[in-house]
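Q: Dropping a structure here in structure tokens format, bear with me for questions.
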Amino acid sequence: MNHTTDNRAQLLQDWLHSLFDMVENSFKPVSGDASFRRYFRFIAKNEMGLEQLSLIAVDAPPELEDSQRFIDIALLLSEHKLPAPQIYMASDNGFYVQQDFGDQLLLGCLNESSADHLYAIAMNHIAAMQQVDSSSLPNYNSELLQIEMRLFTDWYLVKHLNHTLTDSDKQILASTYQLLEGNALEQPQAFVHRDYHSRNLMVLDYDKLGIIDFQDAVRGPITYDLVSLLRDCYTDWPQQKIDSWIKQFMSGLPNQYDHSQFVRWFDLMGMQRHLKAIGIFSRLNYRDKKSSYLSDIPHTMNYVLTISNKYKELKPFHTFVSKLI
């Protein structure tokens with residue numbers, strides 16, 4: 001840990017002491033995520049010093065993270081009765097205090113007997129989020145979609161595989177990215193969490209999930225959060241299961257869609273997301289020195305190869321990537 005982050009941790013503690021009667025030595029780091037935010041758990045006493053409340057303090061350096069965005073979206077979701085953490089205090093230098101959702105990730109609770117129940121709750125939350133007014137959010141537009149897919153080109157193909165792109169390679173990538181962009185933009189657009197998966201959903205009790213890490217929310221394609229959940233980079237379900245969950249989700253939507261059209265939207269949206277994820281996992285290793293994410297690439301790449309083999313328009317991309325890896 002460098003001197004700057006050490007210094008911020010001390011400043012954060014000083015700020016917390018000015019606001020709360022903290023239990024001594026209760027300030028402890030909580031495992032972080034792929035961002036520059038850091039999380040700390042601490043225990044606060046009430047005025048009488050009797051009851052104790054566990055809270056999460058967040059350090060989001062303003063030059064690297066937009067904590068106001070997180071706070072605004074937390075309020076927006078809470079207004080719609082969605083389980084976002086309550087925000088108690090915030091400072092203008094990137095510190096804030098939020099409700100403690102505990103440590104139980106959805107990922108650790110998923111198994112063959114629990115998945116139907118837990119995914120039903122998670123899918124209900126997606127349907128509810130899609131009813132939230134997203135007009136104030138950035139659009140998931142052509143530029144953003146292309147920037148994300150280029151992470152795959154720059155950080156995975158060129159940096160990680162050390163591959164020099166030929167003109168033919170560039171043409172295949174450009175037409176693939178164009179196809180995936182068109183698929184995203186032709187879908188109905190709604191509130192998109194943008195990182196809705198089993199490591200960003202907390203199990204609060206058997207029938208309740210908490211939603212975190214939504215600060216990058218946008219107005220975008222209606223299949224995005226669903227494919228993030230059902231085909232996330234850390235779980236693997238039989239296709240039959242995924243098909244049944246897609247049908248279940250579709251049955252709860254206010255509008256009816258053609259099933260094969262929706263599945264195509266879902267598949268190609270997933271491919272766009274997985275290309276981005278592979279690029280980000282590579283970047284986390286080379287730029288941010290977080291090497292553990294490299295182990296998530298093979299599983300994520302498996303999705304890319306499966307889907308690119310399913311659609312004839314993606315066969316050139318499938319052949320190109322298969323040869324490389």
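The chains in the structure tokens are called A, B, ... from first to last as shown; in each chain the residues are counted from 1, and the ligands are counted from 1 in the order shown.
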Residues within 9 Å of Leu118 of chain A, please, as a PyMOL selection string. Count only C-alpha atoms; anything in the same chain fewer than 3 positions from it doesn't count.

A: chain A and resi 106+109-110+114-115+121-123+203+206-209

Q: Atoms to include: C-alpha atoms. Write the selected residues as an mmCIF file, in the first residue's frame.

A:
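Produced file part17.cif, reproduced below:
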data_model
loop_
_atom_site.group_PDB
_atom_site.id
_atom_site.type_symbol
_atom_site.label_atom_id
_atom_site.label_comp_id
_atom_site.auth_asym_id
_atom_site.auth_seq_id
_atom_site.Cartn_x
_atom_site.Cartn_y
_atom_site.Cartn_z
ATOM 1 C CA LEU A 106 -25.009 -14.621 -4.336
ATOM 2 C CA CYS A 109 -25.210 -19.469 -2.362
ATOM 3 C CA LEU A 110 -25.898 -20.739 -5.874
ATOM 4 C CA SER A 114 -31.176 -22.884 -4.744
ATOM 5 C CA ALA A 115 -30.646 -21.359 -8.206
ATOM 6 C CA ILE A 121 -35.672 -12.888 -7.085
ATOM 7 C CA ALA A 122 -32.755 -11.465 -9.088
ATOM 8 C CA MET A 123 -34.797 -11.459 -12.323
ATOM 9 C CA VAL A 203 -27.881 -12.525 -0.061
ATOM 10 C CA TYR A 206 -33.463 -16.535 1.963
ATOM 11 C CA ASP A 207 -35.939 -14.263 0.184
ATOM 12 C CA LYS A 208 -33.964 -11.031 -0.095
ATOM 13 C CA LEU A 209 -31.054 -9.881 -2.229
#

Q: From the DSSP assignment of the backbone, select every residue of segment 194-275 of chain A that is helix (DSSP H, G or I), and format the answer as number ranges by chain.

A: A: 224-230, 239-251, 259-275

Q: Go ahead and dump the residues you just picked, C-alpha atoms, as a PDB file, in the first residue's frame.

A:
ATOM      1  CA  TYR A 224     -28.034  -6.669 -20.829  1.00  0.00           C
ATOM      2  CA  ASP A 225     -28.612  -7.269 -17.112  1.00  0.00           C
ATOM      3  CA  LEU A 226     -30.284 -10.618 -17.776  1.00  0.00           C
ATOM      4  CA  VAL A 227     -27.311 -12.005 -19.692  1.00  0.00           C
ATOM      5  CA  SER A 228     -24.939 -10.509 -17.091  1.00  0.00           C
ATOM      6  CA  LEU A 229     -26.783 -12.555 -14.470  1.00  0.00           C
ATOM      7  CA  LEU A 230     -27.434 -15.843 -16.261  1.00  0.00           C
ATOM      8  CA  GLN A 239     -28.270 -24.322 -21.635  1.00  0.00           C
ATOM      9  CA  GLN A 240     -31.617 -25.950 -20.792  1.00  0.00           C
ATOM     10  CA  LYS A 241     -31.645 -24.084 -17.455  1.00  0.00           C
ATOM     11  CA  ILE A 242     -30.789 -20.770 -19.094  1.00  0.00           C
ATOM     12  CA  ASP A 243     -33.550 -21.298 -21.680  1.00  0.00           C
ATOM     13  CA  SER A 244     -36.122 -21.840 -18.925  1.00  0.00           C
ATOM     14  CA  TRP A 245     -34.969 -18.742 -17.016  1.00  0.00           C
ATOM     15  CA  ILE A 246     -35.164 -16.615 -20.188  1.00  0.00           C
ATOM     16  CA  LYS A 247     -38.765 -17.786 -20.721  1.00  0.00           C
ATOM     17  CA  GLN A 248     -39.572 -17.046 -17.079  1.00  0.00           C
ATOM     18  CA  PHE A 249     -38.117 -13.527 -17.395  1.00  0.00           C
ATOM     19  CA  MET A 250     -39.969 -12.857 -20.651  1.00  0.00           C
ATOM     20  CA  SER A 251     -43.281 -13.918 -19.103  1.00  0.00           C
ATOM     21  CA  HIS A 259     -38.930 -15.665 -28.430  1.00  0.00           C
ATOM     22  CA  SER A 260     -36.272 -16.344 -31.080  1.00  0.00           C
ATOM     23  CA  GLN A 261     -35.681 -12.597 -31.516  1.00  0.00           C
ATOM     24  CA  PHE A 262     -35.248 -12.155 -27.759  1.00  0.00           C
ATOM     25  CA  VAL A 263     -32.814 -15.111 -27.550  1.00  0.00           C
ATOM     26  CA  ARG A 264     -30.742 -13.619 -30.378  1.00  0.00           C
ATOM     27  CA  TRP A 265     -30.685 -10.259 -28.569  1.00  0.00           C
ATOM     28  CA  PHE A 266     -29.632 -12.087 -25.405  1.00  0.00           C
ATOM     29  CA  ASP A 267     -26.904 -14.180 -27.056  1.00  0.00           C
ATOM     30  CA  LEU A 268     -25.280 -11.348 -28.995  1.00  0.00           C
ATOM     31  CA  MET A 269     -25.585  -8.951 -26.054  1.00  0.00           C
ATOM     32  CA  GLY A 270     -23.772 -11.541 -23.957  1.00  0.00           C
ATOM     33  CA  MET A 271     -21.029 -11.785 -26.527  1.00  0.00           C
ATOM     34  CA  GLN A 272     -20.504  -8.011 -26.507  1.00  0.00           C
ATOM     35  CA  ARG A 273     -20.312  -8.111 -22.715  1.00  0.00           C
ATOM     36  CA  HIS A 274     -17.953 -11.087 -22.625  1.00  0.00           C
ATOM     37  CA  LEU A 275     -15.547  -9.482 -25.093  1.00  0.00           C
TER      38      LEU A 275
END

Q: Write down as a PDB file with N, CA and C atoms, in the first residue's frame the residues of segment 49-290 of chain A whose backbone DSSP state falls under strand (DSSP E).

A:
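Written output follows (selection_36.pdb):
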ATOM      1  N   GLN A  52     -25.233  -1.586  18.881  1.00  0.00           N
ATOM      2  CA  GLN A  52     -24.114  -1.360  17.969  1.00  0.00           C
ATOM      3  C   GLN A  52     -24.548  -1.691  16.548  1.00  0.00           C
ATOM      4  N   LEU A  53     -24.101  -0.851  15.613  1.00  0.00           N
ATOM      5  CA  LEU A  53     -24.520  -1.008  14.230  1.00  0.00           C
ATOM      6  C   LEU A  53     -23.284  -1.161  13.346  1.00  0.00           C
ATOM      7  N   SER A  54     -23.285  -2.208  12.529  1.00  0.00           N
ATOM      8  CA  SER A  54     -22.194  -2.419  11.582  1.00  0.00           C
ATOM      9  C   SER A  54     -22.466  -1.589  10.326  1.00  0.00           C
ATOM     10  N   LEU A  55     -21.468  -0.822   9.898  1.00  0.00           N
ATOM     11  CA  LEU A  55     -21.602   0.056   8.729  1.00  0.00           C
ATOM     12  C   LEU A  55     -20.404  -0.137   7.791  1.00  0.00           C
ATOM     13  N   ILE A  56     -20.582   0.277   6.550  1.00  0.00           N
ATOM     14  CA  ILE A  56     -19.492   0.218   5.577  1.00  0.00           C
ATOM     15  C   ILE A  56     -19.065   1.647   5.231  1.00  0.00           C
ATOM     16  N   ALA A  57     -17.764   1.912   5.396  1.00  0.00           N
ATOM     17  CA  ALA A  57     -17.191   3.186   4.965  1.00  0.00           C
ATOM     18  C   ALA A  57     -16.488   2.959   3.632  1.00  0.00           C
ATOM     19  N   VAL A  58     -16.683   3.892   2.701  1.00  0.00           N
ATOM     20  CA  VAL A  58     -16.114   3.742   1.364  1.00  0.00           C
ATOM     21  C   VAL A  58     -15.140   4.886   1.094  1.00  0.00           C
ATOM     22  N   ASP A  59     -13.984   4.521   0.552  1.00  0.00           N
ATOM     23  CA  ASP A  59     -13.019   5.513   0.084  1.00  0.00           C
ATOM     24  C   ASP A  59     -13.013   5.444  -1.441  1.00  0.00           C
ATOM     25  N   ILE A  87     -27.563   5.231   2.036  1.00  0.00           N
ATOM     26  CA  ILE A  87     -26.378   6.080   2.220  1.00  0.00           C
ATOM     27  C   ILE A  87     -26.629   6.978   3.424  1.00  0.00           C
ATOM     28  N   TYR A  88     -25.741   6.936   4.409  1.00  0.00           N
ATOM     29  CA  TYR A  88     -25.954   7.696   5.653  1.00  0.00           C
ATOM     30  C   TYR A  88     -25.229   9.037   5.658  1.00  0.00           C
ATOM     31  N   MET A  89     -24.006   9.046   5.196  1.00  0.00           N
ATOM     32  CA  MET A  89     -23.190  10.270   5.230  1.00  0.00           C
ATOM     33  C   MET A  89     -22.315  10.293   3.986  1.00  0.00           C
ATOM     34  N   ALA A  90     -21.957  11.491   3.528  1.00  0.00           N
ATOM     35  CA  ALA A  90     -21.012  11.596   2.410  1.00  0.00           C
ATOM     36  C   ALA A  90     -20.209  12.876   2.567  1.00  0.00           C
ATOM     37  N   PHE A  95     -15.434  10.247   0.442  1.00  0.00           N
ATOM     38  CA  PHE A  95     -15.762   9.315   1.526  1.00  0.00           C
ATOM     39  C   PHE A  95     -17.283   9.251   1.674  1.00  0.00           C
ATOM     40  N   TYR A  96     -17.806   8.059   1.912  1.00  0.00           N
ATOM     41  CA  TYR A  96     -19.217   7.960   2.296  1.00  0.00           C
ATOM     42  C   TYR A  96     -19.455   6.709   3.123  1.00  0.00           C
ATOM     43  N   VAL A  97     -20.575   6.727   3.836  1.00  0.00           N
ATOM     44  CA  VAL A  97     -20.939   5.618   4.724  1.00  0.00           C
ATOM     45  C   VAL A  97     -22.245   5.032   4.213  1.00  0.00           C
ATOM     46  N   GLN A  98     -22.270   3.709   4.068  1.00  0.00           N
ATOM     47  CA  GLN A  98     -23.464   3.053   3.553  1.00  0.00           C
ATOM     48  C   GLN A  98     -23.865   1.878   4.440  1.00  0.00           C
ATOM     49  N   GLN A  99     -25.079   1.436   4.229  1.00  0.00           N
ATOM     50  CA  GLN A  99     -25.619   0.276   4.921  1.00  0.00           C
ATOM     51  C   GLN A  99     -24.721  -0.936   4.666  1.00  0.00           C
ATOM     52  N   GLN A 189     -34.872   0.060 -24.970  1.00  0.00           N
ATOM     53  CA  GLN A 189     -33.874   0.595 -24.043  1.00  0.00           C
ATOM     54  C   GLN A 189     -34.530   0.922 -22.694  1.00  0.00           C
ATOM     55  N   ALA A 190     -33.799   0.600 -21.616  1.00  0.00           N
ATOM     56  CA  ALA A 190     -34.321   0.822 -20.260  1.00  0.00           C
ATOM     57  C   ALA A 190     -33.139   0.986 -19.300  1.00  0.00           C
ATOM     58  N   PHE A 191     -33.444   1.103 -18.009  1.00  0.00           N
ATOM     59  CA  PHE A 191     -32.391   1.175 -16.980  1.00  0.00           C
ATOM     60  C   PHE A 191     -31.549  -0.097 -17.040  1.00  0.00           C
ATOM     61  N   VAL A 192     -30.228   0.070 -17.104  1.00  0.00           N
ATOM     62  CA  VAL A 192     -29.297  -1.066 -17.107  1.00  0.00           C
ATOM     63  C   VAL A 192     -28.289  -0.877 -15.973  1.00  0.00           C
ATOM     64  N   LEU A 201     -24.445  -9.104  -6.135  1.00  0.00           N
ATOM     65  CA  LEU A 201     -25.729  -9.293  -5.455  1.00  0.00           C
ATOM     66  C   LEU A 201     -25.436  -9.964  -4.123  1.00  0.00           C
ATOM     67  N   MET A 202     -25.948  -9.385  -3.061  1.00  0.00           N
ATOM     68  CA  MET A 202     -25.697  -9.900  -1.712  1.00  0.00           C
ATOM     69  C   MET A 202     -26.945 -10.624  -1.212  1.00  0.00           C
ATOM     70  N   VAL A 203     -26.751 -11.788  -0.628  1.00  0.00           N
ATOM     71  CA  VAL A 203     -27.881 -12.525  -0.061  1.00  0.00           C
ATOM     72  C   VAL A 203     -28.095 -12.023   1.365  1.00  0.00           C
ATOM     73  N   LEU A 204     -29.217 -11.331   1.569  1.00  0.00           N
ATOM     74  CA  LEU A 204     -29.506 -10.739   2.886  1.00  0.00           C
ATOM     75  C   LEU A 204     -30.276 -11.735   3.753  1.00  0.00           C
ATOM     76  N   ASP A 205     -31.192 -12.453   3.160  1.00  0.00           N
ATOM     77  CA  ASP A 205     -31.794 -13.636   3.794  1.00  0.00           C
ATOM     78  C   ASP A 205     -32.355 -14.484   2.659  1.00  0.00           C
ATOM     79  N   LYS A 208     -34.327 -12.425   0.168  1.00  0.00           N
ATOM     80  CA  LYS A 208     -33.964 -11.031  -0.095  1.00  0.00           C
ATOM     81  C   LYS A 208     -32.527 -10.907  -0.584  1.00  0.00           C
ATOM     82  N   LEU A 209     -32.377 -10.186  -1.696  1.00  0.00           N
ATOM     83  CA  LEU A 209     -31.054  -9.881  -2.229  1.00  0.00           C
ATOM     84  C   LEU A 209     -30.807  -8.380  -2.124  1.00  0.00           C
ATOM     85  N   GLY A 210     -29.556  -8.004  -1.936  1.00  0.00           N
ATOM     86  CA  GLY A 210     -29.166  -6.594  -1.970  1.00  0.00           C
ATOM     87  C   GLY A 210     -28.368  -6.330  -3.240  1.00  0.00           C
ATOM     88  N   ILE A 211     -28.565  -5.159  -3.825  1.00  0.00           N
ATOM     89  CA  ILE A 211     -27.894  -4.808  -5.087  1.00  0.00           C
ATOM     90  C   ILE A 211     -26.781  -3.800  -4.798  1.00  0.00           C
ATOM     91  N   VAL A 218     -26.642   2.795 -16.958  1.00  0.00           N
ATOM     92  CA  VAL A 218     -26.915   3.548 -18.191  1.00  0.00           C
ATOM     93  C   VAL A 218     -28.334   3.231 -18.658  1.00  0.00           C
ATOM     94  N   ARG A 219     -28.759   3.930 -19.690  1.00  0.00           N
ATOM     95  CA  ARG A 219     -29.986   3.567 -20.402  1.00  0.00           C
ATOM     96  C   ARG A 219     -29.559   2.713 -21.579  1.00  0.00           C
ATOM     97  N   GLY A 220     -29.975   1.443 -21.574  1.00  0.00           N
ATOM     98  CA  GLY A 220     -29.465   0.543 -22.602  1.00  0.00           C
ATOM     99  C   GLY A 220     -30.372  -0.648 -22.865  1.00  0.00           C
ATOM    100  N   PRO A 221     -29.840  -1.699 -23.514  1.00  0.00           N
ATOM    101  CA  PRO A 221     -30.641  -2.824 -24.011  1.00  0.00           C
ATOM    102  C   PRO A 221     -31.276  -3.662 -22.900  1.00  0.00           C
TER     103      PRO A 221
END
